[in-house]
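Structure data follow from run.txt (compact mmCIF, C-alpha atoms):
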# COMPACT_ATOMS: atom_id res chain seq x y z
CA MET A 1 11.36 -27.97 -6.42
CA ILE A 2 8.61 -25.43 -6.05
CA ALA A 3 4.95 -26.44 -5.90
CA ILE A 4 2.57 -23.81 -7.20
CA VAL A 5 -0.84 -24.66 -5.85
CA GLY A 6 -3.49 -23.07 -8.01
CA GLY A 7 -0.78 -22.94 -10.62
CA THR A 8 -3.19 -22.99 -13.55
CA GLY A 9 -4.45 -19.48 -12.75
CA PRO A 10 -2.85 -16.42 -14.35
CA GLU A 11 -0.70 -15.45 -11.34
CA GLY A 12 0.53 -19.00 -10.79
CA CYS A 13 1.30 -19.45 -14.50
CA GLY A 14 3.22 -16.19 -14.61
CA LEU A 15 5.34 -17.08 -11.59
CA ALA A 16 5.95 -20.58 -12.96
CA LEU A 17 7.12 -19.14 -16.27
CA ARG A 18 9.59 -16.77 -14.63
CA TRP A 19 10.96 -19.37 -12.23
CA ALA A 20 11.25 -22.00 -14.95
CA ARG A 21 13.27 -19.50 -16.98
CA ALA A 22 15.48 -19.04 -13.92
CA GLY A 23 16.22 -22.77 -14.03
CA GLU A 24 13.92 -23.89 -11.21
CA GLN A 25 12.01 -27.14 -11.14
CA ILE A 26 8.32 -26.30 -10.99
CA VAL A 27 5.41 -28.51 -10.02
CA ILE A 28 2.09 -27.02 -11.09
CA GLY A 29 -0.74 -28.14 -8.84
CA SER A 30 -4.42 -28.09 -9.76
CA ARG A 31 -7.59 -29.81 -8.64
CA GLU A 32 -7.38 -31.83 -11.85
CA ALA A 33 -4.08 -33.44 -12.73
CA ALA A 34 -4.88 -33.35 -16.44
CA ARG A 35 -5.40 -29.61 -16.37
CA ALA A 36 -2.17 -29.14 -14.42
CA GLN A 37 -0.31 -31.23 -17.01
CA ALA A 38 -1.70 -29.24 -19.92
CA THR A 39 -0.76 -25.94 -18.25
CA ALA A 40 2.68 -27.26 -17.34
CA ALA A 41 3.32 -28.23 -20.96
CA GLN A 42 2.36 -24.75 -22.17
CA ILE A 43 4.61 -23.07 -19.60
CA ALA A 44 7.51 -25.41 -20.35
CA GLU A 45 7.26 -24.61 -24.06
CA LYS A 46 7.14 -20.88 -23.40
CA ALA A 47 9.97 -21.02 -20.87
CA GLY A 48 12.37 -22.90 -23.13
CA THR A 49 14.72 -25.58 -21.91
CA LEU A 50 16.15 -24.15 -18.72
CA GLY A 51 13.94 -25.39 -15.90
CA SER A 52 11.44 -28.18 -15.75
CA VAL A 53 7.69 -27.84 -15.36
CA GLU A 54 5.37 -30.70 -14.55
CA GLY A 55 1.72 -30.80 -13.60
CA VAL A 56 0.02 -32.95 -10.95
CA ASP A 57 -2.92 -32.62 -8.62
CA ASN A 58 -2.53 -30.27 -5.67
CA THR A 59 -2.07 -33.02 -3.09
CA VAL A 60 0.68 -34.71 -5.03
CA ALA A 61 2.33 -31.34 -5.66
CA VAL A 62 2.67 -30.46 -1.99
CA LYS A 63 3.92 -33.96 -1.15
CA MET A 64 6.75 -33.50 -3.65
CA CYS A 65 8.04 -30.09 -2.52
CA ASP A 66 9.41 -28.29 0.54
CA THR A 67 8.36 -24.93 -0.89
CA VAL A 68 4.72 -24.39 -1.69
CA VAL A 69 3.44 -21.20 -3.30
CA LEU A 70 -0.29 -20.61 -2.97
CA THR A 71 -1.93 -18.64 -5.79
CA VAL A 72 -5.62 -19.42 -5.52
CA PRO A 73 -8.64 -17.13 -5.35
CA PHE A 74 -9.45 -16.15 -1.76
CA ALA A 75 -12.75 -18.03 -1.89
CA ALA A 76 -10.84 -21.29 -2.37
CA GLN A 77 -7.97 -20.67 0.06
CA ALA A 78 -9.26 -21.96 3.40
CA ASP A 79 -10.96 -25.13 2.15
CA LEU A 80 -8.00 -26.02 -0.01
CA LEU A 81 -5.48 -25.55 2.80
CA LYS A 82 -7.56 -27.68 5.17
CA GLN A 83 -7.66 -30.38 2.53
CA LEU A 84 -3.92 -30.17 1.82
CA LYS A 85 -2.79 -29.92 5.44
CA PRO A 86 -2.26 -33.68 6.01
CA SER A 87 -0.15 -33.81 2.84
CA LEU A 88 2.16 -30.90 3.63
CA ARG A 89 5.66 -32.01 4.52
CA GLN A 90 6.96 -31.12 7.97
CA GLY A 91 9.09 -28.00 7.59
CA THR A 92 7.35 -26.85 4.42
CA VAL A 93 7.61 -23.14 3.68
CA LEU A 94 4.21 -21.95 2.48
CA VAL A 95 4.41 -18.74 0.47
CA ASP A 96 0.94 -17.25 0.40
CA ALA A 97 0.02 -14.82 -2.38
CA THR A 98 -3.71 -14.79 -1.68
CA VAL A 99 -5.54 -11.48 -1.79
CA PRO A 100 -8.96 -11.29 -0.10
CA LEU A 101 -10.60 -9.30 -2.88
CA ALA A 102 -14.28 -8.61 -2.35
CA ALA A 103 -14.80 -10.25 -5.75
CA ALA A 104 -14.67 -13.53 -3.78
CA VAL A 105 -18.21 -12.81 -2.56
CA GLY A 106 -19.51 -11.00 -5.61
CA GLY A 107 -18.07 -7.60 -4.63
CA ARG A 108 -15.58 -5.41 -6.39
CA PRO A 109 -11.98 -6.41 -7.12
CA THR A 110 -10.97 -2.93 -5.98
CA ARG A 111 -12.06 -3.70 -2.42
CA VAL A 112 -10.86 -6.17 0.17
CA LEU A 113 -12.79 -8.22 2.67
CA GLY A 114 -12.06 -8.07 6.36
CA VAL A 115 -10.50 -11.38 7.35
CA TRP A 116 -11.01 -12.39 10.96
CA GLN A 117 -7.35 -13.38 11.39
CA GLY A 118 -6.30 -10.04 9.87
CA SER A 119 -5.17 -11.17 6.44
CA ALA A 120 -5.39 -14.10 4.05
CA ALA A 121 -1.82 -14.96 5.01
CA GLU A 122 -2.63 -15.07 8.72
CA GLN A 123 -5.66 -17.23 7.94
CA ALA A 124 -3.33 -19.57 6.05
CA ALA A 125 -0.91 -19.69 8.98
CA GLU A 126 -3.72 -20.54 11.39
CA ILE A 127 -4.91 -23.40 9.21
CA VAL A 128 -1.59 -25.08 8.44
CA GLY A 129 -0.39 -25.14 12.03
CA ARG A 130 3.08 -25.07 13.49
CA THR A 131 4.93 -27.61 11.39
CA VAL A 132 4.64 -25.32 8.37
CA THR A 133 6.04 -21.80 8.25
CA VAL A 134 4.35 -19.07 6.26
CA ALA A 135 5.56 -16.05 4.33
CA ALA A 136 3.29 -13.66 2.46
CA ALA A 137 4.60 -12.42 -0.88
CA PHE A 138 3.93 -11.91 -4.60
CA HIS A 139 0.54 -10.19 -4.11
CA ASN A 140 1.43 -7.15 -6.15
CA LEU A 141 2.96 -8.62 -9.30
CA SER A 142 0.80 -8.21 -12.39
CA ALA A 143 -0.04 -11.57 -13.98
CA THR A 144 -0.01 -9.82 -17.36
CA VAL A 145 3.52 -8.56 -16.84
CA LEU A 146 4.73 -11.90 -15.45
CA ASP A 147 3.40 -13.59 -18.57
CA GLY A 148 5.65 -11.44 -20.79
CA ASP A 149 9.34 -11.22 -21.53
CA HIS A 150 10.21 -7.86 -19.99
CA ASP A 151 11.73 -7.20 -16.59
CA VAL A 152 9.10 -6.79 -13.90
CA ASP A 153 9.10 -3.21 -12.59
CA CYS A 154 7.70 -4.04 -9.15
CA ASP A 155 9.05 -4.91 -5.72
CA VAL A 156 7.91 -7.94 -3.75
CA ILE A 157 7.22 -7.12 -0.12
CA VAL A 158 7.78 -10.21 1.99
CA CYS A 159 6.07 -10.52 5.37
CA SER A 160 6.79 -13.36 7.77
CA ASP A 161 7.30 -14.23 11.41
CA ASP A 162 9.90 -16.82 10.43
CA ASP A 163 13.37 -15.91 9.13
CA ARG A 164 13.76 -19.00 6.98
CA ALA A 165 10.35 -18.59 5.35
CA ARG A 166 11.17 -14.94 4.65
CA GLN A 167 14.47 -15.98 3.09
CA VAL A 168 12.88 -18.66 0.90
CA ALA A 169 10.25 -16.21 -0.38
CA SER A 170 12.86 -13.48 -0.92
CA ASP A 171 15.13 -15.86 -2.84
CA LEU A 172 12.20 -16.74 -5.10
CA ALA A 173 11.37 -13.07 -5.63
CA VAL A 174 14.80 -12.08 -6.87
CA LYS A 175 14.79 -14.88 -9.42
CA ILE A 176 12.26 -12.79 -11.35
CA PRO A 177 14.19 -10.26 -13.46
CA GLY A 178 13.64 -6.70 -12.23
CA VAL A 179 12.12 -7.67 -8.90
CA ARG A 180 13.59 -6.71 -5.55
CA ALA A 181 12.61 -8.52 -2.36
CA ILE A 182 11.75 -6.06 0.40
CA ASP A 183 11.58 -7.13 4.04
CA GLY A 184 8.07 -6.07 5.04
CA GLY A 185 8.27 -7.21 8.65
CA LYS A 186 5.85 -9.50 10.41
CA LEU A 187 3.23 -11.67 8.79
CA GLU A 188 0.51 -9.36 10.16
CA ASN A 189 1.71 -6.69 7.73
CA ALA A 190 0.32 -8.85 4.92
CA ARG A 191 -2.96 -7.05 5.73
CA ILE A 192 -1.54 -3.96 4.13
CA VAL A 193 0.31 -5.63 1.27
CA GLU A 194 -2.77 -7.66 0.32
CA SER A 195 -4.94 -4.53 0.23
CA MET A 196 -2.35 -2.80 -1.94
CA THR A 197 -3.31 -5.24 -4.69
CA ALA A 198 -6.88 -3.94 -4.62
CA LEU A 199 -5.50 -0.42 -5.03
CA LEU A 200 -3.38 -1.59 -7.98
CA ILE A 201 -6.58 -2.85 -9.59
CA THR A 202 -8.08 0.62 -9.14
CA LEU A 203 -4.95 2.15 -10.65
CA ASN A 204 -5.09 -0.27 -13.60
CA ILE A 205 -8.72 0.67 -14.24
CA ARG A 206 -8.24 4.43 -13.78
CA HIS A 207 -5.11 4.56 -15.91
CA LYS A 208 -6.22 1.96 -18.48
CA VAL A 209 -3.20 -0.31 -17.99
CA HIS A 210 -2.69 -3.89 -16.85
CA GLY A 211 0.63 -3.74 -15.09
CA ALA A 212 0.59 -1.16 -12.29
CA GLY A 213 3.02 -2.04 -9.52
CA TRP A 214 4.91 -0.63 -6.55
CA ARG A 215 8.49 0.31 -5.97
CA VAL A 216 9.72 1.19 -2.52
CA THR A 217 11.95 4.27 -2.54
CA GLY A 218 14.32 5.72 0.03
CA LEU A 219 15.72 2.47 1.39
CA GLY A 220 19.25 3.23 0.28
CA ILE A 221 19.48 -0.07 -1.58
CA MET B 1 -3.80 30.65 0.05
CA ILE B 2 -3.42 27.26 1.69
CA ALA B 3 -4.27 26.69 5.32
CA ILE B 4 -2.29 23.90 6.96
CA VAL B 5 -4.18 22.89 10.07
CA GLY B 6 -1.83 21.18 12.47
CA GLY B 7 0.87 22.98 10.56
CA THR B 8 3.32 23.05 13.45
CA GLY B 9 3.81 19.26 13.29
CA PRO B 10 6.61 17.74 11.20
CA GLU B 11 4.41 16.75 8.21
CA GLY B 12 2.66 20.12 8.10
CA CYS B 13 5.96 22.01 8.38
CA GLY B 14 7.49 19.97 5.61
CA LEU B 15 4.58 20.56 3.25
CA ALA B 16 4.54 24.29 4.13
CA LEU B 17 8.24 24.56 3.34
CA ARG B 18 7.89 22.92 -0.05
CA TRP B 19 4.81 24.91 -1.04
CA ALA B 20 6.33 28.19 0.16
CA ARG B 21 9.35 27.46 -2.02
CA ALA B 22 6.91 26.92 -4.91
CA GLY B 23 5.65 30.47 -4.36
CA GLU B 24 2.42 29.63 -2.52
CA GLN B 25 0.94 31.70 0.27
CA ILE B 26 0.76 29.50 3.35
CA VAL B 27 -1.24 29.97 6.51
CA ILE B 28 0.02 27.75 9.32
CA GLY B 29 -2.75 26.90 11.78
CA SER B 30 -2.24 25.74 15.35
CA ARG B 31 -4.22 25.64 18.56
CA GLU B 32 -2.05 28.51 19.77
CA ALA B 33 -1.55 31.45 17.45
CA ALA B 34 1.83 32.27 19.00
CA ARG B 35 3.13 28.81 18.25
CA ALA B 36 1.84 29.04 14.70
CA GLN B 37 3.59 32.39 14.25
CA ALA B 38 6.89 31.07 15.55
CA THR B 39 6.73 28.04 13.26
CA ALA B 40 5.71 30.22 10.29
CA ALA B 41 8.72 32.47 10.85
CA GLN B 42 11.08 29.47 10.89
CA ILE B 43 9.58 28.06 7.70
CA ALA B 44 9.65 31.45 5.95
CA GLU B 45 13.33 31.84 6.77
CA LYS B 46 14.14 28.37 5.52
CA ALA B 47 12.02 28.76 2.39
CA GLY B 48 13.60 32.04 1.30
CA THR B 49 11.68 34.86 -0.26
CA LEU B 50 9.42 33.16 -2.78
CA GLY B 51 6.16 32.47 -0.99
CA SER B 52 4.71 33.87 2.20
CA VAL B 53 4.14 31.99 5.43
CA GLU B 54 2.08 33.32 8.29
CA GLY B 55 0.82 31.70 11.48
CA VAL B 56 -2.60 32.05 13.11
CA ASP B 57 -4.89 29.89 15.20
CA ASN B 58 -6.65 27.04 13.40
CA THR B 59 -10.05 28.76 13.27
CA VAL B 60 -8.65 31.92 11.73
CA ALA B 61 -6.62 29.85 9.28
CA VAL B 62 -9.63 28.02 7.84
CA LYS B 63 -11.62 31.27 7.62
CA MET B 64 -8.89 32.75 5.44
CA CYS B 65 -8.50 29.94 2.90
CA ASP B 66 -10.48 27.91 0.36
CA THR B 67 -7.98 25.08 0.56
CA VAL B 68 -7.37 23.46 3.93
CA VAL B 69 -4.78 20.73 4.44
CA LEU B 70 -5.21 18.68 7.60
CA THR B 71 -2.01 17.25 9.11
CA VAL B 72 -2.91 16.43 12.69
CA PRO B 73 -2.48 13.23 14.68
CA PHE B 74 -5.47 10.92 14.30
CA ALA B 75 -6.37 11.30 17.97
CA ALA B 76 -7.02 15.02 17.38
CA GLN B 77 -8.75 14.81 13.98
CA ALA B 78 -12.43 14.34 14.81
CA ASP B 79 -12.65 16.83 17.68
CA LEU B 80 -10.74 19.45 15.75
CA LEU B 81 -12.91 19.10 12.64
CA LYS B 82 -16.09 19.37 14.70
CA GLN B 83 -14.71 22.53 16.27
CA LEU B 84 -13.63 24.00 12.93
CA LYS B 85 -16.75 23.04 10.99
CA PRO B 86 -18.67 26.32 11.58
CA SER B 87 -15.63 28.28 10.41
CA LEU B 88 -15.01 26.38 7.17
CA ARG B 89 -15.94 28.41 4.09
CA GLN B 90 -18.63 27.03 1.83
CA GLY B 91 -16.88 25.26 -1.04
CA THR B 92 -13.70 24.61 0.90
CA VAL B 93 -11.56 21.76 -0.35
CA LEU B 94 -10.31 19.81 2.65
CA VAL B 95 -7.21 17.76 1.90
CA ASP B 96 -6.90 15.16 4.62
CA ALA B 97 -3.51 13.60 5.32
CA THR B 98 -4.48 11.92 8.56
CA VAL B 99 -3.29 8.38 9.22
CA PRO B 100 -5.07 6.36 11.90
CA LEU B 101 -1.91 4.90 13.40
CA ALA B 102 -2.49 2.72 16.44
CA ALA B 103 -0.05 5.02 18.23
CA ALA B 104 -3.11 7.28 18.73
CA VAL B 105 -4.28 4.90 21.45
CA GLY B 106 -0.91 3.79 22.77
CA GLY B 107 -0.37 1.11 20.11
CA ARG B 108 2.35 0.75 17.51
CA PRO B 109 2.96 3.23 14.71
CA THR B 110 3.36 0.24 12.39
CA ARG B 111 -0.33 -0.66 12.84
CA VAL B 112 -3.53 1.12 11.93
CA LEU B 113 -6.80 1.33 13.80
CA GLY B 114 -10.08 0.29 12.24
CA VAL B 115 -12.09 3.44 11.64
CA TRP B 116 -15.86 2.96 11.60
CA GLN B 117 -16.28 5.05 8.45
CA GLY B 118 -13.51 3.08 6.76
CA SER B 119 -10.69 5.60 6.87
CA ALA B 120 -9.65 8.81 8.58
CA ALA B 121 -10.53 10.64 5.36
CA GLU B 122 -14.05 9.21 5.28
CA GLN B 123 -14.44 10.16 8.94
CA ALA B 124 -13.40 13.70 8.01
CA ALA B 125 -15.90 13.79 5.14
CA GLU B 126 -18.69 12.66 7.45
CA ILE B 127 -17.91 15.38 9.97
CA VAL B 128 -17.53 18.36 7.63
CA GLY B 129 -20.73 17.70 5.73
CA ARG B 130 -21.72 18.50 2.18
CA THR B 131 -20.59 22.10 1.77
CA VAL B 132 -16.98 20.98 2.00
CA THR B 133 -15.38 18.50 -0.40
CA VAL B 134 -12.66 16.14 0.72
CA ALA B 135 -9.62 14.63 -0.92
CA ALA B 136 -7.19 12.28 0.82
CA ALA B 137 -3.53 12.80 -0.02
CA PHE B 138 0.02 13.28 1.29
CA HIS B 139 -0.08 10.35 3.73
CA ASN B 140 3.04 8.72 2.41
CA LEU B 141 5.51 11.60 2.19
CA SER B 142 8.31 11.41 4.74
CA ALA B 143 8.40 14.51 6.96
CA THR B 144 12.17 14.11 7.14
CA VAL B 145 12.51 14.19 3.37
CA LEU B 146 10.08 17.11 3.01
CA ASP B 147 12.17 19.07 5.50
CA GLY B 148 15.23 18.79 3.25
CA ASP B 149 16.35 20.25 -0.05
CA HIS B 150 16.29 17.18 -2.28
CA ASP B 151 13.56 16.10 -4.67
CA VAL B 152 11.01 13.86 -2.99
CA ASP B 153 11.19 10.34 -4.44
CA CYS B 154 7.59 9.42 -3.67
CA ASP B 155 4.22 9.57 -5.42
CA VAL B 156 1.14 11.11 -3.83
CA ILE B 157 -1.95 8.96 -4.30
CA VAL B 158 -5.02 11.18 -4.31
CA CYS B 159 -8.40 9.70 -3.41
CA SER B 160 -11.63 11.65 -3.70
CA ASP B 161 -15.26 11.43 -4.73
CA ASP B 162 -15.09 15.00 -6.06
CA ASP B 163 -13.25 15.95 -9.22
CA ARG B 164 -12.42 19.48 -8.11
CA ALA B 165 -11.09 18.33 -4.74
CA ARG B 166 -8.97 15.70 -6.50
CA GLN B 167 -7.61 18.37 -8.85
CA VAL B 168 -6.79 20.79 -6.03
CA ALA B 169 -4.92 18.08 -4.11
CA SER B 170 -3.13 16.90 -7.26
CA ASP B 171 -2.06 20.44 -8.14
CA LEU B 172 -0.61 20.82 -4.64
CA ALA B 173 1.20 17.49 -4.94
CA VAL B 174 3.06 18.34 -8.12
CA LYS B 175 4.32 21.60 -6.63
CA ILE B 176 6.66 19.44 -4.55
CA PRO B 177 9.75 18.67 -6.65
CA GLY B 178 9.94 14.99 -7.59
CA VAL B 179 6.38 14.16 -6.63
CA ARG B 180 3.79 12.82 -9.06
CA ALA B 181 0.07 12.98 -8.29
CA ILE B 182 -1.60 9.62 -8.93
CA ASP B 183 -5.37 9.31 -9.26
CA GLY B 184 -6.21 6.73 -6.60
CA GLY B 185 -9.94 6.63 -7.24
CA LYS B 186 -12.66 7.09 -4.67
CA LEU B 187 -12.25 8.49 -1.19
CA GLU B 188 -12.88 5.01 0.22
CA ASN B 189 -9.51 3.95 -1.17
CA ALA B 190 -7.89 6.18 1.45
CA ARG B 191 -8.26 3.12 3.69
CA ILE B 192 -5.46 1.50 1.76
CA VAL B 193 -3.30 4.58 1.26
CA GLU B 194 -3.49 5.46 4.96
CA SER B 195 -2.42 1.94 5.95
CA MET B 196 0.49 2.14 3.52
CA THR B 197 1.99 4.78 5.81
CA ALA B 198 2.09 2.26 8.65
CA LEU B 199 3.95 -0.12 6.34
CA LEU B 200 6.41 2.66 5.44
CA ILE B 201 7.10 3.04 9.16
CA THR B 202 7.88 -0.69 9.31
CA LEU B 203 10.15 -0.32 6.28
CA ASN B 204 11.92 2.66 7.87
CA ILE B 205 12.52 0.66 11.05
CA ARG B 206 13.59 -2.56 9.29
CA HIS B 207 15.88 -0.78 6.85
CA LYS B 208 17.15 1.85 9.31
CA VAL B 209 16.13 4.83 7.16
CA HIS B 210 13.74 7.76 7.58
CA GLY B 211 12.47 8.35 4.09
CA ALA B 212 10.91 5.20 2.65
CA GLY B 213 8.25 6.01 0.07
CA TRP B 214 6.24 4.54 -2.80
CA ARG B 215 6.39 4.91 -6.54
CA VAL B 216 3.68 3.52 -8.73
CA THR B 217 5.08 1.72 -11.78
CA GLY B 218 3.53 0.53 -15.00
CA LEU B 219 1.14 3.44 -15.56
CA GLY B 220 2.80 4.48 -18.80
CA ILE B 221 3.25 8.05 -17.52
So, in terms of structure tokens, how does the structure I just supplied come out?
Amino acid sequence: MIAIVGGTGPEGCGLALRWARAGEQIVIGSREAARAQATAAQIAEKAGTLGSVEGVDNTVAVKMCDTVVLTVPFAAQADLLKQLKPSLRQGTVLVDATVPLAAAVGGRPTRVLGVWQGSAAEQAAEIVGRTVTVAAAFHNLSATVLDGDHDVDCDVIVCSDDDRARQVASDLAVKIPGVRAIDGGKLENARIVESMTALLITLNIRHKVHGAGWRVTGLGI
Amino acid sequence: MIAIVGGTGPEGCGLALRWARAGEQIVIGSREAARAQATAAQIAEKAGTLGSVEGVDNTVAVKMCDTVVLTVPFAAQADLLKQLKPSLRQGTVLVDATVPLAAAVGGRPTRVLGVWQGSAAEQAAEIVGRTVTVAAAFHNLSATVLDGDHDVDCDVIVCSDDDRARQVASDLAVKIPGVRAIDGGKLENARIVESMTALLITLNIRHKVHGAGWRVTGLGI
């Protein structure tokens, strides 16, 4: 079971849809259980009968699952994680997809904020403490593309200091048709991967598209 | 004519080789004219008879050319630009490929330094002043791949605040077989593109290759 905290937003919905289609059991988390349920029902209908999708409040979601994917706006990330921390299971893998876009403080979505810890993912790791391991992933996938039926022409770069967390995030990535999971090294490298989302937003604007993404070349894979 | 300042380094040599093969006239610049000449002769031999490659000292190189490509280590960038500034022609387009790798101060090549102006390219723009326009490009091309005969499986993201500078850099990019020039927006976005080189170095190390690169997907081009 995969908890998607902030799962009613476009990125969370898109990931839920793709993982439900891959047969996974998804728990959509939201501040309001009713909203999570409504979103879960929509995703379940769109996904068909393969996986299951249910909706609960964020705290219940993380209590139910060993894998928690965080897809909230940066402005909400720290407070939410502090609130959820007592409810996180020991050994939880937290997959953080947060991007510190300057839009969080009224700035542009094409710019990122400097985060004291280095990245949103490192901030997450500091907050949740040592009983939870953190991987950073899924920053660069277009919510618009995830919400569709086509293969996703984008790689997921996974950064983590923990081999199991990296594996969990990578296994989730390759369940999305078209996606490759790329080992991006340590969690600190999330600084770069997060900022690459801001550049994708620039590319979307400049090229008048909604689904710009990245492929890594030259890896011999 | 294209001046490549720092043209005796691996990135500069690789670019010179590809542009010479495309029929361009290349002026390799170095601190020592003799070294520039020796490198130019090697590149000319490798390139065949299409373009021309000559070697001179950096100051002479920038006096000869309206397009100057800067491929020096970050530690050398600011001092060199200050020294070259009086010799730059009015209207020069400076194409900066500098990456502020932490290796410049004894750190890791998988990390970048914070640059006060935001990026190495913005530092360059501040130093050269208003009679020279700046584009940032070519950060992500593997020197090893450039030095070979195969098409280069990597896009060049071009960032600039000046349309002509962006066009000059883009025209240079597409002279390299396999490369697409991607409009990356304002010069400030060089912050992200520069850091993406550090991530490529991580990917090269993790995947035991020398030519990791990026392709942008989803642009409909």
Record the distance separating atom CA of B:Met196 and atom CA of B:Gly6, expressed in Å with one decimal.
21.2 Å
Counting all atoms listed in the file, the option among A:Ala41, A:Ile201, A:Val158, A:Val209 closest to A:Leu101:
A:Ile201
Neighbours of chain B in chain A at 7 Å, counting only C-alpha atoms, as a PyMOL selection string:
chain A and resi 153-154+184-185+192+195-196+202-203+207+209+211-219
Please, could you write that set of residues out with C-alpha atoms as a PDB file, in the frame of the given file?
ATOM      1  CA  ASP A 153       9.100  -3.210 -12.590  1.00  0.00           C
ATOM      2  CA  CYS A 154       7.700  -4.040  -9.150  1.00  0.00           C
ATOM      3  CA  GLY A 184       8.070  -6.070   5.040  1.00  0.00           C
ATOM      4  CA  GLY A 185       8.270  -7.210   8.650  1.00  0.00           C
ATOM      5  CA  ILE A 192      -1.540  -3.960   4.130  1.00  0.00           C
ATOM      6  CA  SER A 195      -4.940  -4.530   0.230  1.00  0.00           C
ATOM      7  CA  MET A 196      -2.350  -2.800  -1.940  1.00  0.00           C
ATOM      8  CA  THR A 202      -8.080   0.620  -9.140  1.00  0.00           C
ATOM      9  CA  LEU A 203      -4.950   2.150 -10.650  1.00  0.00           C
ATOM     10  CA  HIS A 207      -5.110   4.560 -15.910  1.00  0.00           C
ATOM     11  CA  VAL A 209      -3.200  -0.310 -17.990  1.00  0.00           C
ATOM     12  CA  GLY A 211       0.630  -3.740 -15.090  1.00  0.00           C
ATOM     13  CA  ALA A 212       0.590  -1.160 -12.290  1.00  0.00           C
ATOM     14  CA  GLY A 213       3.020  -2.040  -9.520  1.00  0.00           C
ATOM     15  CA  TRP A 214       4.910  -0.630  -6.550  1.00  0.00           C
ATOM     16  CA  ARG A 215       8.490   0.310  -5.970  1.00  0.00           C
ATOM     17  CA  VAL A 216       9.720   1.190  -2.520  1.00  0.00           C
ATOM     18  CA  THR A 217      11.950   4.270  -2.540  1.00  0.00           C
ATOM     19  CA  GLY A 218      14.320   5.720   0.030  1.00  0.00           C
ATOM     20  CA  LEU A 219      15.720   2.470   1.390  1.00  0.00           C
TER      21      LEU A 219
END
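Here atom CA of B:Asp163 and atom CA of B:Val93 stand 10.7 Å from one another.
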Atom CA of A:His139 and atom CA of A:Val99 are how many Å apart?
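About the pair atom CA of A:His139 and atom CA of A:Val99: they are 6.6 Å apart.
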